[in-house]
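Everything below belongs to protein.txt, which stores compact mmCIF, C-alpha atoms (C1' of nucleotides).
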# COMPACT_ATOMS: atom_id res chain seq x y z
CA MET A 23 -26.28 -207.31 -118.94
CA PRO A 24 -29.97 -208.11 -118.83
CA LYS A 25 -31.84 -211.24 -119.71
CA LYS A 26 -29.88 -213.41 -122.02
CA VAL A 27 -31.52 -215.73 -124.54
CA ASP A 28 -30.08 -217.99 -127.18
CA HIS A 29 -31.12 -216.10 -130.26
CA GLN A 30 -30.23 -218.84 -132.65
CA GLN A 31 -32.32 -221.35 -130.77
CA ARG A 32 -35.33 -219.06 -130.64
CA ARG A 33 -35.01 -218.38 -134.33
CA THR A 34 -34.85 -222.03 -135.26
CA LEU A 35 -37.80 -222.68 -132.98
CA ILE A 36 -39.79 -220.17 -134.96
CA ALA A 37 -38.45 -221.50 -138.24
CA ASP A 38 -39.56 -224.97 -137.23
CA ALA A 39 -43.06 -223.70 -136.66
CA LEU A 40 -42.95 -221.98 -140.02
CA MET A 41 -41.98 -225.21 -141.71
CA ARG A 42 -44.76 -227.04 -139.93
CA VAL A 43 -47.28 -224.53 -141.21
CA ALA A 44 -45.83 -224.53 -144.71
CA ALA A 45 -45.72 -228.31 -144.83
CA ASP A 46 -49.43 -228.81 -144.43
CA GLN A 47 -50.99 -225.57 -145.54
CA GLY A 48 -48.55 -224.20 -148.06
CA LEU A 49 -46.24 -221.23 -147.98
CA GLU A 50 -49.03 -218.77 -148.61
CA ALA A 51 -50.55 -219.72 -145.27
CA VAL A 52 -47.38 -218.57 -143.55
CA SER A 53 -48.13 -215.38 -141.67
CA LEU A 54 -46.66 -213.86 -138.55
CA ARG A 55 -49.65 -214.80 -136.45
CA HIS A 56 -49.98 -218.30 -137.86
CA VAL A 57 -46.36 -219.07 -137.26
CA ALA A 58 -46.52 -217.54 -133.81
CA THR A 59 -49.45 -219.66 -132.69
CA ALA A 60 -47.92 -222.74 -134.28
CA ALA A 61 -44.79 -222.06 -132.26
CA GLY A 62 -46.84 -221.40 -129.14
CA VAL A 63 -45.52 -217.89 -128.72
CA SER A 64 -46.90 -214.42 -129.18
CA ALA A 65 -46.84 -212.63 -132.49
CA GLY A 66 -44.76 -209.92 -130.91
CA MET A 67 -41.98 -212.34 -130.15
CA VAL A 68 -41.74 -213.41 -133.76
CA GLN A 69 -41.34 -209.80 -134.69
CA HIS A 70 -38.71 -209.44 -132.06
CA TYR A 71 -36.51 -212.08 -133.65
CA PHE A 72 -37.34 -211.28 -137.25
CA ARG A 73 -37.84 -207.65 -138.00
CA THR A 74 -39.56 -208.45 -141.24
CA LYS A 75 -41.36 -211.41 -142.71
CA ASP A 76 -38.89 -211.72 -145.54
CA GLU A 77 -36.11 -212.04 -143.00
CA MET A 78 -37.99 -214.89 -141.40
CA MET A 79 -38.52 -216.58 -144.73
CA ALA A 80 -34.88 -216.25 -145.66
CA PHE A 81 -33.83 -217.78 -142.37
CA ALA A 82 -36.25 -220.66 -142.77
CA LEU A 83 -34.90 -221.26 -146.24
CA SER A 84 -31.38 -221.40 -144.89
CA VAL A 85 -32.54 -223.91 -142.29
CA VAL A 86 -34.01 -226.10 -144.98
CA ARG A 87 -30.75 -226.07 -146.94
CA GLU A 88 -28.77 -226.82 -143.83
CA ARG A 89 -31.02 -229.70 -142.82
CA SER A 90 -30.78 -231.44 -146.16
CA GLN A 91 -27.03 -231.01 -146.17
CA ILE A 92 -26.86 -232.63 -142.75
CA ARG A 93 -29.08 -235.47 -143.91
CA VAL A 94 -26.72 -236.18 -146.76
CA THR A 95 -23.54 -236.14 -144.72
CA GLU A 96 -25.12 -238.36 -142.08
CA ALA A 97 -26.27 -240.90 -144.63
CA VAL A 98 -22.84 -240.91 -146.23
CA ALA A 99 -21.13 -241.20 -142.87
CA GLY A 100 -23.10 -244.36 -142.15
CA LEU A 101 -21.51 -245.92 -145.19
CA GLY A 102 -18.10 -246.84 -143.86
CA GLU A 103 -14.65 -246.06 -145.14
CA ASN A 104 -14.59 -245.78 -148.89
CA PRO A 105 -17.77 -247.03 -150.49
CA SER A 106 -18.15 -247.65 -154.18
CA PRO A 107 -19.01 -244.55 -156.20
CA ARG A 108 -22.30 -246.01 -157.18
CA LEU A 109 -23.39 -246.78 -153.63
CA LEU A 110 -22.20 -243.37 -152.54
CA LEU A 111 -24.35 -241.62 -155.12
CA ARG A 112 -27.33 -243.80 -154.40
CA THR A 113 -27.16 -243.08 -150.70
CA MET A 114 -26.76 -239.37 -151.21
CA ILE A 115 -29.67 -239.11 -153.58
CA ALA A 116 -31.91 -241.39 -151.55
CA ALA A 117 -31.18 -239.20 -148.53
CA LEU A 118 -32.49 -236.18 -150.42
CA LEU A 119 -35.66 -237.80 -151.72
CA PRO A 120 -38.95 -237.42 -149.83
CA LEU A 121 -39.40 -241.15 -149.41
CA ASP A 122 -41.16 -241.51 -146.07
CA GLU A 123 -43.92 -239.54 -144.46
CA HIS A 124 -41.50 -237.54 -142.41
CA THR A 125 -39.20 -236.38 -145.15
CA ARG A 126 -42.23 -235.62 -147.28
CA ASP A 127 -42.94 -232.63 -145.07
CA ASP A 128 -39.46 -231.29 -145.64
CA GLY A 129 -39.91 -231.92 -149.33
CA ARG A 130 -43.14 -229.99 -149.44
CA VAL A 131 -41.46 -227.05 -147.79
CA ALA A 132 -38.55 -227.26 -150.19
CA LEU A 133 -40.91 -227.37 -153.15
CA ALA A 134 -42.79 -224.37 -151.84
CA PHE A 135 -39.53 -222.49 -151.52
CA LEU A 136 -38.60 -223.52 -155.03
CA ALA A 137 -41.70 -221.86 -156.40
CA TYR A 138 -41.03 -218.97 -154.04
CA THR A 139 -37.52 -218.34 -155.30
CA ALA A 140 -38.59 -218.78 -158.90
CA VAL A 141 -40.38 -215.48 -158.47
CA ARG A 142 -37.91 -213.75 -156.16
CA PRO A 143 -34.59 -214.31 -157.91
CA SER A 144 -32.71 -212.62 -155.11
CA ALA A 145 -33.10 -215.64 -152.86
CA ALA A 146 -32.14 -218.11 -155.56
CA SER A 147 -28.42 -217.53 -155.56
CA ARG A 148 -27.86 -219.80 -152.57
CA LEU A 149 -29.70 -222.63 -154.26
CA ARG A 150 -27.59 -222.08 -157.36
CA GLU A 151 -24.43 -222.48 -155.31
CA ASP A 152 -25.76 -225.67 -153.76
CA THR A 153 -26.56 -227.34 -157.06
CA ALA A 154 -23.29 -226.18 -158.60
CA GLN A 155 -21.45 -227.74 -155.70
CA LEU A 156 -23.44 -230.94 -155.98
CA THR A 157 -22.94 -231.27 -159.72
CA ALA A 158 -19.22 -230.76 -159.34
CA PHE A 159 -19.06 -233.48 -156.72
CA ILE A 160 -21.19 -235.90 -158.70
CA ALA A 161 -19.18 -235.29 -161.83
CA GLY A 162 -16.07 -236.23 -159.88
CA VAL A 163 -17.54 -239.47 -158.65
CA LEU A 164 -19.03 -240.66 -161.93
CA PRO A 165 -17.04 -242.94 -164.23
CA ASP A 166 -14.46 -241.07 -166.26
CA GLY A 167 -16.19 -241.14 -169.62
CA ARG A 168 -19.24 -239.23 -168.47
CA GLY A 169 -19.06 -235.48 -168.70
CA ASP A 170 -20.84 -232.86 -166.69
CA ALA A 171 -23.96 -233.63 -168.65
CA ALA A 172 -24.34 -236.91 -166.80
CA ALA A 173 -24.02 -235.13 -163.47
CA THR A 174 -26.60 -232.49 -164.29
CA GLY A 175 -28.83 -235.23 -165.61
CA LEU A 176 -28.54 -237.25 -162.45
CA LEU A 177 -29.31 -234.22 -160.34
CA ALA A 178 -32.30 -233.39 -162.51
CA LEU A 179 -33.50 -236.97 -162.19
CA MET A 180 -33.31 -236.64 -158.44
CA GLU A 181 -35.24 -233.40 -158.43
CA GLY A 182 -37.89 -234.79 -160.72
CA LEU A 183 -38.27 -237.93 -158.66
CA GLY A 184 -38.72 -235.76 -155.61
CA VAL A 185 -41.37 -233.64 -157.24
CA HIS A 186 -43.28 -236.64 -158.48
CA LEU A 187 -43.04 -238.28 -155.10
CA LEU A 188 -44.55 -235.22 -153.52
CA GLY A 189 -47.28 -235.07 -156.13
CA GLY A 190 -48.15 -238.66 -155.38
CA GLN A 191 -47.43 -239.71 -158.94
CA TYR A 192 -44.68 -242.10 -157.94
CA THR A 193 -44.39 -244.47 -155.04
CA ALA A 194 -41.18 -244.80 -153.11
CA GLU A 195 -40.41 -248.11 -154.79
CA GLN A 196 -41.00 -246.72 -158.25
CA ALA A 197 -38.70 -243.81 -157.55
CA LEU A 198 -35.97 -246.04 -156.20
CA THR A 199 -36.12 -248.52 -159.04
CA ALA A 200 -36.02 -245.65 -161.50
CA LEU A 201 -32.97 -244.29 -159.71
CA ASP A 202 -31.30 -247.69 -159.76
CA ALA A 203 -32.10 -248.13 -163.42
CA HIS A 204 -30.45 -244.82 -164.15
CA LEU A 205 -27.42 -245.75 -162.12
CA ASP A 206 -27.29 -249.02 -164.03
CA LEU A 207 -27.04 -247.04 -167.22
CA LEU A 208 -24.39 -244.72 -165.87
CA PHE A 209 -22.20 -247.39 -164.34
CA GLY A 210 -23.15 -250.27 -166.62
CA MET B 8 -82.61 -214.50 -174.13
CA PRO B 9 -80.54 -211.51 -173.18
CA LYS B 10 -76.99 -210.64 -174.06
CA LYS B 11 -75.05 -213.66 -175.07
CA VAL B 12 -71.35 -213.97 -174.32
CA ASP B 13 -68.87 -216.72 -174.97
CA HIS B 14 -68.35 -217.93 -171.45
CA GLN B 15 -65.43 -220.11 -172.27
CA GLN B 16 -63.59 -217.22 -173.88
CA ARG B 17 -64.21 -214.91 -170.94
CA ARG B 18 -63.02 -217.54 -168.55
CA THR B 19 -59.83 -218.17 -170.45
CA LEU B 20 -59.29 -214.43 -170.65
CA ILE B 21 -59.43 -214.27 -166.89
CA ALA B 22 -57.29 -217.37 -166.57
CA ASP B 23 -54.70 -215.75 -168.82
CA ALA B 24 -54.56 -212.77 -166.53
CA LEU B 25 -54.22 -215.09 -163.57
CA MET B 26 -51.30 -216.83 -165.18
CA ARG B 27 -49.67 -213.51 -165.96
CA VAL B 28 -49.95 -212.49 -162.33
CA ALA B 29 -48.76 -215.86 -161.09
CA ALA B 30 -45.85 -215.90 -163.52
CA ASP B 31 -44.21 -212.80 -162.18
CA GLN B 32 -45.51 -212.45 -158.65
CA GLY B 33 -46.24 -215.98 -157.59
CA LEU B 34 -49.49 -217.77 -156.90
CA GLU B 35 -49.91 -216.14 -153.53
CA ALA B 36 -50.28 -212.79 -155.28
CA VAL B 37 -53.29 -214.12 -157.11
CA SER B 38 -56.37 -212.43 -155.71
CA LEU B 39 -59.70 -211.57 -157.25
CA ARG B 40 -58.84 -207.90 -157.53
CA HIS B 41 -55.32 -208.46 -158.81
CA VAL B 42 -56.48 -210.82 -161.51
CA ALA B 43 -59.32 -208.51 -162.39
CA THR B 44 -57.10 -205.47 -162.92
CA ALA B 45 -54.55 -207.58 -164.78
CA ALA B 46 -57.34 -208.66 -167.08
CA GLY B 47 -58.59 -205.10 -167.37
CA VAL B 48 -61.98 -205.97 -166.02
CA SER B 49 -63.84 -205.33 -162.81
CA ALA B 50 -63.58 -207.58 -159.83
CA GLY B 51 -67.29 -208.19 -160.05
CA MET B 52 -66.93 -209.73 -163.48
CA VAL B 53 -64.41 -212.23 -162.22
CA GLN B 54 -66.89 -213.22 -159.56
CA HIS B 55 -69.54 -213.48 -162.21
CA TYR B 56 -67.60 -216.14 -164.08
CA PHE B 57 -66.09 -217.90 -161.10
CA ARG B 58 -68.29 -218.10 -158.07
CA THR B 59 -65.34 -218.88 -155.87
CA LYS B 60 -61.63 -218.37 -156.02
CA ASP B 61 -60.95 -222.09 -155.90
CA GLU B 62 -63.09 -222.53 -158.97
CA MET B 63 -60.96 -219.97 -160.76
CA MET B 64 -57.76 -221.68 -159.68
CA ALA B 65 -59.02 -225.06 -160.81
CA PHE B 66 -59.94 -223.67 -164.20
CA ALA B 67 -56.56 -222.00 -164.60
CA LEU B 68 -54.88 -225.25 -163.71
CA SER B 69 -56.87 -227.06 -166.37
CA VAL B 70 -55.81 -224.40 -168.87
CA VAL B 71 -52.17 -224.98 -168.01
CA ARG B 72 -52.50 -228.71 -168.53
CA GLU B 73 -54.33 -228.19 -171.80
CA ARG B 74 -51.74 -225.74 -173.09
CA SER B 75 -48.81 -228.03 -172.48
CA GLN B 76 -50.64 -230.90 -174.10
CA ILE B 77 -51.24 -228.76 -177.16
CA ARG B 78 -47.61 -227.75 -177.23
CA VAL B 79 -46.55 -231.37 -177.30
CA THR B 80 -48.93 -232.45 -180.03
CA GLU B 81 -47.94 -229.47 -182.17
CA ALA B 82 -44.26 -230.18 -181.79
CA VAL B 83 -44.81 -233.81 -182.65
CA ALA B 84 -47.00 -232.92 -185.61
CA GLY B 85 -44.15 -230.89 -187.08
CA LEU B 86 -42.08 -234.01 -187.18
CA GLY B 87 -43.45 -235.71 -190.27
CA GLU B 88 -44.76 -239.21 -190.77
CA ASN B 89 -43.07 -241.68 -188.49
CA PRO B 90 -40.03 -240.25 -186.78
CA SER B 91 -37.51 -242.32 -184.90
CA PRO B 92 -38.52 -243.08 -181.31
CA ARG B 93 -35.55 -241.16 -180.04
CA LEU B 94 -36.34 -238.00 -182.00
CA LEU B 95 -39.96 -238.31 -181.00
CA LEU B 96 -39.12 -238.40 -177.32
CA ARG B 97 -36.64 -235.60 -177.61
CA THR B 98 -39.13 -233.33 -179.31
CA MET B 99 -41.86 -234.09 -176.83
CA ILE B 100 -39.68 -233.43 -173.85
CA ALA B 101 -38.08 -230.35 -175.33
CA ALA B 102 -41.56 -229.00 -175.99
CA LEU B 103 -42.37 -229.33 -172.30
CA LEU B 104 -39.20 -227.70 -171.01
CA PRO B 105 -39.13 -223.98 -170.16
CA LEU B 106 -36.33 -223.26 -172.59
CA ASP B 107 -37.06 -219.75 -173.83
CA GLU B 108 -38.26 -216.66 -172.05
CA HIS B 109 -41.81 -217.24 -173.12
CA THR B 110 -42.22 -220.80 -171.99
CA ARG B 111 -40.47 -219.89 -168.76
CA ASP B 112 -43.58 -218.00 -167.69
CA ASP B 113 -45.71 -221.06 -168.25
CA GLY B 114 -43.19 -223.10 -166.36
CA ARG B 115 -43.27 -220.78 -163.39
CA VAL B 116 -47.03 -221.09 -163.27
CA ALA B 117 -46.83 -224.84 -163.54
CA LEU B 118 -44.28 -224.97 -160.74
CA ALA B 119 -46.46 -222.78 -158.57
CA PHE B 120 -49.38 -225.10 -159.18
CA LEU B 121 -47.20 -228.06 -158.35
CA ALA B 122 -46.52 -226.65 -154.91
CA TYR B 123 -50.18 -225.70 -154.72
CA THR B 124 -51.45 -229.20 -155.39
CA ALA B 125 -48.85 -230.72 -153.10
CA VAL B 126 -50.88 -229.21 -150.27
CA ARG B 127 -54.35 -229.66 -151.73
CA PRO B 128 -54.39 -233.30 -152.76
CA SER B 129 -57.87 -232.96 -154.24
CA ALA B 130 -56.53 -231.08 -157.27
CA ALA B 131 -53.65 -233.47 -157.81
CA SER B 132 -55.59 -236.34 -159.33
CA ARG B 133 -55.60 -234.77 -162.78
CA LEU B 134 -51.85 -234.36 -162.71
CA ARG B 135 -51.54 -237.97 -161.69
CA GLU B 136 -53.54 -239.05 -164.72
CA ASP B 137 -51.38 -236.93 -166.98
CA THR B 138 -48.11 -238.40 -165.80
CA ALA B 139 -49.52 -241.92 -165.84
CA GLN B 140 -50.55 -241.40 -169.44
CA LEU B 141 -47.18 -239.97 -170.34
CA THR B 142 -45.22 -242.76 -168.70
CA ALA B 143 -47.32 -245.35 -170.48
CA PHE B 144 -46.65 -243.70 -173.82
CA ILE B 145 -42.94 -243.29 -173.18
CA ALA B 146 -42.62 -246.86 -172.02
CA GLY B 147 -44.14 -247.96 -175.31
CA VAL B 148 -41.71 -245.92 -177.36
CA LEU B 149 -38.54 -246.89 -175.54
CA PRO B 150 -36.43 -249.82 -176.71
CA ASP B 151 -37.85 -253.17 -175.65
CA GLY B 152 -35.39 -254.00 -172.93
CA ARG B 153 -36.21 -251.01 -170.79
CA GLY B 154 -39.00 -251.40 -168.31
CA ASP B 155 -41.31 -248.82 -166.86
CA ALA B 156 -38.47 -247.67 -164.66
CA ALA B 157 -36.76 -246.10 -167.63
CA ALA B 158 -39.93 -244.24 -168.54
CA THR B 159 -40.50 -242.90 -165.06
CA GLY B 160 -36.84 -241.97 -164.94
CA LEU B 161 -37.02 -240.08 -168.18
CA LEU B 162 -40.08 -238.21 -167.03
CA ALA B 163 -38.43 -237.37 -163.76
CA LEU B 164 -35.37 -236.16 -165.61
CA MET B 165 -37.58 -233.86 -167.63
CA GLU B 166 -39.30 -232.49 -164.56
CA GLY B 167 -36.00 -231.91 -162.82
CA LEU B 168 -34.50 -230.20 -165.83
CA GLY B 169 -37.52 -227.94 -165.93
CA VAL B 170 -37.24 -227.05 -162.27
CA HIS B 171 -33.56 -226.32 -162.55
CA LEU B 172 -34.12 -224.27 -165.66
CA LEU B 173 -36.65 -222.17 -163.80
CA GLY B 174 -34.33 -221.79 -160.85
CA GLY B 175 -31.64 -220.53 -163.17
CA GLN B 176 -29.30 -223.35 -162.18
CA TYR B 177 -29.12 -224.74 -165.69
CA THR B 178 -28.91 -223.00 -169.03
CA ALA B 179 -30.95 -224.19 -171.97
CA GLU B 180 -27.88 -225.76 -173.56
CA GLN B 181 -26.94 -227.60 -170.38
CA ALA B 182 -30.43 -228.98 -170.08
CA LEU B 183 -30.54 -230.12 -173.67
CA THR B 184 -27.13 -231.77 -173.59
CA ALA B 185 -28.10 -233.53 -170.37
CA LEU B 186 -31.27 -234.72 -172.06
CA ASP B 187 -29.33 -235.92 -175.09
CA ALA B 188 -26.81 -237.67 -172.90
CA HIS B 189 -29.60 -239.52 -171.18
CA LEU B 190 -31.16 -240.47 -174.48
CA ASP B 191 -27.76 -241.70 -175.57
CA LEU B 192 -27.74 -244.01 -172.62
CA LEU B 193 -31.26 -245.22 -173.23
CA PHE B 194 -30.88 -245.82 -176.93
CA GLY B 195 -27.16 -246.51 -176.90
C1' DG C 17 -31.73 -201.34 -103.99
C1' DC C 18 -31.46 -199.51 -108.34
C1' DC C 19 -30.79 -199.05 -113.07
C1' DT C 20 -29.93 -200.29 -117.65
C1' DT C 21 -30.66 -203.25 -121.25
C1' DT C 22 -32.87 -206.79 -123.35
C1' DC C 23 -37.06 -209.40 -123.99
C1' DC C 24 -41.74 -209.87 -125.43
C1' DG C 25 -46.82 -209.36 -124.94
C1' DA C 26 -50.59 -206.11 -126.27
C1' DT C 27 -52.69 -202.90 -129.12
C1' DG C 28 -53.46 -200.25 -133.19
C1' DC C 29 -53.47 -199.30 -138.01
C1' DA C 30 -53.86 -199.16 -142.91
C1' DA C 31 -54.13 -202.22 -146.47
C1' DC C 32 -55.76 -206.19 -148.24
C1' DT C 33 -58.49 -210.52 -148.66
C1' DG C 34 -62.76 -213.47 -150.35
C1' DC C 35 -67.37 -213.09 -150.75
C1' DA C 36 -72.34 -211.40 -150.70
C1' DA C 37 -75.57 -208.15 -151.83
C1' DT C 38 -77.28 -204.69 -154.55
C1' DG C 39 -77.52 -201.99 -158.33
C1' DT C 40 -77.48 -200.62 -163.39
C1' DC C 41 -77.51 -201.50 -168.12
C1' DA C 42 -77.88 -204.01 -172.58
C1' DC C 43 -80.05 -207.14 -175.07
C1' DC C 44 -83.73 -210.01 -177.18
C1' DG C 45 -88.07 -212.68 -177.51
C1' DG C 46 -92.74 -211.70 -177.27
C1' DC D 18 -92.04 -201.74 -177.28
C1' DC D 19 -91.52 -203.78 -173.24
C1' DG D 20 -90.61 -206.86 -169.62
C1' DG D 21 -87.32 -210.02 -168.12
C1' DT D 22 -83.02 -212.21 -168.10
C1' DG D 23 -78.42 -212.44 -168.11
C1' DA D 24 -73.88 -209.43 -167.96
C1' DC D 25 -71.59 -206.64 -165.54
C1' DA D 26 -70.09 -202.69 -161.82
C1' DT D 27 -70.09 -200.95 -157.10
C1' DT D 28 -70.18 -201.15 -152.45
C1' DG D 29 -69.99 -203.19 -148.04
C1' DC D 30 -68.48 -206.44 -144.61
C1' DA D 31 -65.97 -209.34 -141.58
C1' DG D 32 -61.69 -211.21 -141.27
C1' DT D 33 -56.63 -211.25 -141.97
C1' DT D 34 -52.34 -209.43 -143.26
C1' DG D 35 -47.56 -207.13 -142.18
C1' DC D 36 -45.72 -203.88 -139.41
C1' DA D 37 -44.97 -199.99 -135.94
C1' DT D 38 -45.46 -198.71 -131.31
C1' DC D 39 -45.85 -198.82 -126.51
C1' DG D 40 -45.51 -200.69 -122.04
C1' DG D 41 -44.12 -203.59 -118.63
C1' DA D 42 -41.33 -207.59 -117.00
C1' DA D 43 -37.12 -209.82 -116.16
C1' DA D 44 -32.35 -210.10 -115.19
C1' DG D 45 -27.74 -209.06 -114.55
C1' DG D 46 -24.03 -205.25 -113.10
C1' DC D 47 -23.19 -201.47 -109.71

Here is the file; what I need is its structure written in the form of C-alpha cells.
Amino acid sequence: MPKKVDHQQRRTLIADALMRVAADQGLEAVSLRHVATAAGVSAGMVQHYFRTKDEMMAFALSVVRERSQIRVTEAVAGLGENPSPRLLLRTMIAALLPLDEHTRDDGRVALAFLAYTAVRPSAASRLREDTAQLTAFIAGVLPDGRGDAAATGLLALMEGLGVHLLGGQYTAEQALTALDAHLDLLFG
Amino acid sequence: MPKKVDHQQRRTLIADALMRVAADQGLEAVSLRHVATAAGVSAGMVQHYFRTKDEMMAFALSVVRERSQIRVTEAVAGLGENPSPRLLLRTMIAALLPLDEHTRDDGRVALAFLAYTAVRPSAASRLREDTAQLTAFIAGVLPDGRGDAAATGLLALMEGLGVHLLGGQYTAEQALTALDAHLDLLFG
DNA sequence: GCCTTTCCGATGCAACTGCAATGTCACCGG
DNA sequence: CCGGTGACATTGCAGTTGCATCGGAAAGGC
C-alpha cells in the first residue's frame, strides 16, 4: 500500500481552518482557496479530502457539534460526584455560552451555521436531534413540577443569551446574572 | 427638474426583493444581479439607488428593524387602553416571534443579519440600541422585585425561542407554552 | 528495482461577483 | 421647443468562485 495519511486528522485540520475563516469573516467568506491558504495547504488538497464544498461544510458542522458536546461533558466532569441539579444545569449552560474571547469564535461559527441551516433544511436534522436530547435531559433534571415547557424555555434562554453575547448586547456578567435569575425562578 | 421618482419607495422595493432572496436562499445569495431580477428590474437600477452593495445591505437591515418595530406597536395597539403588564409583554414578544409561515421569512432574514453583524461590528450598534431600549421598557413593566436581569432574561428567551422556531426545533405551540410558563414564573 | 496505489500541487474553465463607465430615454423648466 | 438633468439599461472588466482534470511525487509490497 502506498503513502498512508490519517484522513480524519487532515479533515479536521481543514475544518479548523474553515472555522478560523468563518469566525472572523463570516461563512460567506469560506471558499476552497480561502480555507486552503488559511490551513497552509494547496487548494487541490482540500479538494482531495472533500470532493465538494458542501461536504466540507457538513463536516465542519459536525465538528462544531462535537466540540460543544465535549465542552459540556468536560465541564460537567469537573463537577465531582453528584452535584446539585441546579449547579449541574448552570455549568452545562455556562459551558455552551460564548463567554470569553476564545469561545466567542466558536459561537460565531455556530451562529453562522444556524443561519446556514435555516435555509438548507437538510442539514438541520442533526441540530434538531441535539436540542431534543438536551431538552429531554434538562426536563429530567428540573424539579418535578416543571414540565417540558420549562426545559424548552431554559434552552431558549441559553440560545438567546448566546446570540446577544455575540452581538455585543450583553456582557458576560449580564448573561450570567440573567441565567442565575432564571434558575432562581425555576428552583426557587 | 427631470423625471421625479419616489426614492424611498424604490429603495424599499429593492430591499423587499433582497429580503425575499435572503429568506429562501440565505444572505450569501444576495448579489446585485440576483436582487435585481428578483425585483424585476435591471442591475443598473439597483446600482443607481445604492452606490455600493454595503449601502444596500445597511438599508435592508434598517427596513427589517423598522418592520419589527411596527409589528410590535400594531400588536400592542390592538390591545385596548391599559392592558395588564403580563398581557402586554406576551403580545409584544409573540409579535416578534416567527410563529407563522409569513413571519418565518422575516425571521430568517433577521437571523441572517444577526450572523452578518456578528462579523461586521460596525452595523451592530443599531441592534444594540434596539435591545437596550427593549430591555429598559421590559424592566419597567415587570413586577417591582425583578431587576434588569429578569428583563434581559426574558429578551434572551424570546430570541432563543425565535431561533429554535426557525430551526424547526420548536413548534409554535411549544414556543408559546414555554413563553407562558416563563411569564408564570415572573408574575407568579 | 519496479509497480501500484494513494496523495496532492498545478492548471484550466465556465460562471459569477461588485463596480465603473457609457449610453439612451423621458421629463420638465425655460 | 429645447437643452439639461435625472432615471434607467447595457456592457465591460478584473477578480473570485466551485469544480474537473492532469501530472508527478511518494511510499509501501513484490

*Find the residues with any atom within 6 Å of (-49.6, -199.8, -125.3); use all atoms listed in the file and the coordinates as given in the file, and write the answer as a PyMOL selection string.*
(chain C and resi 27) or (chain D and resi 39-40)

*If you measure from atom CA of A:Tyr192 to atom CA of B:Asp155, what distance in Å do you get, rounded to one decimal?*
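Interatomic distance, atom CA of A:Tyr192 to atom CA of B:Asp155: 11.7 Å.
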
*Identify which of the residues D:DA44, D:DT34, D:DC19, D:DC25 lies closest to B:Tyr56, counting all atoms listed in the file when measuring atom-to-atom distances.*
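Closest to B:Tyr56, using all atoms listed in the file: D:DC25.
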
Using all atoms of stretch 63-78 of chain A that appear in the file, construct an axis-aligned enclosing box with 5 Å of padding on every side and provide its centre coordinates and edge lengths in Å, rounded to one decimal, as JSON.
{"center_x": -41.5, "center_y": -212.8, "center_z": -137.1, "size_x": 20.8, "size_y": 20.2, "size_z": 26.8}

Restrict the distance test to all atoms listed in the file, flag each residue of chain B within 12 Å of chain C, and return the flagged residues as a CSV table (one decimal) with C-alpha atoms, keeping the file's coordinate frame.
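File produced: part10.csv:
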chain,number,residue,atom,x,y,z
B,8,MET,CA,-82.6,-214.5,-174.1
B,9,PRO,CA,-80.5,-211.5,-173.2
B,10,LYS,CA,-77.0,-210.6,-174.1
B,11,LYS,CA,-75.0,-213.7,-175.1
B,12,VAL,CA,-71.4,-214.0,-174.3
B,35,GLU,CA,-49.9,-216.1,-153.5
B,36,ALA,CA,-50.3,-212.8,-155.3
B,37,VAL,CA,-53.3,-214.1,-157.1
B,38,SER,CA,-56.4,-212.4,-155.7
B,39,LEU,CA,-59.7,-211.6,-157.2
B,40,ARG,CA,-58.8,-207.9,-157.5
B,41,HIS,CA,-55.3,-208.5,-158.8
B,50,ALA,CA,-63.6,-207.6,-159.8
B,51,GLY,CA,-67.3,-208.2,-160.0
B,53,VAL,CA,-64.4,-212.2,-162.2
B,54,GLN,CA,-66.9,-213.2,-159.6
B,55,HIS,CA,-69.5,-213.5,-162.2
B,57,PHE,CA,-66.1,-217.9,-161.1
B,58,ARG,CA,-68.3,-218.1,-158.1
B,59,THR,CA,-65.3,-218.9,-155.9
B,60,LYS,CA,-61.6,-218.4,-156.0
B,61,ASP,CA,-61.0,-222.1,-155.9

Would you save stretch 91-103 of chain A from the block above with C-alpha atoms, as a PDB file, in the first residue's frame?
ATOM      1  CA  GLN A  91     -20.605  18.363  23.290  1.00  0.00           C
ATOM      2  CA  ILE A  92     -17.080  17.739  24.539  1.00  0.00           C
ATOM      3  CA  ARG A  93     -17.025  21.108  26.247  1.00  0.00           C
ATOM      4  CA  VAL A  94     -20.170  20.240  28.131  1.00  0.00           C
ATOM      5  CA  THR A  95     -19.060  16.813  29.277  1.00  0.00           C
ATOM      6  CA  GLU A  96     -15.704  18.193  30.390  1.00  0.00           C
ATOM      7  CA  ALA A  97     -17.298  20.965  32.397  1.00  0.00           C
ATOM      8  CA  VAL A  98     -19.680  18.505  33.999  1.00  0.00           C
ATOM      9  CA  ALA A  99     -16.883  16.063  34.710  1.00  0.00           C
ATOM     10  CA  GLY A 100     -15.048  18.743  36.665  1.00  0.00           C
ATOM     11  CA  LEU A 101     -18.004  18.922  38.990  1.00  0.00           C
ATOM     12  CA  GLY A 102     -17.422  15.887  41.165  1.00  0.00           C
ATOM     13  CA  GLU A 103     -19.684  13.008  42.030  1.00  0.00           C
TER      14      GLU A 103
END
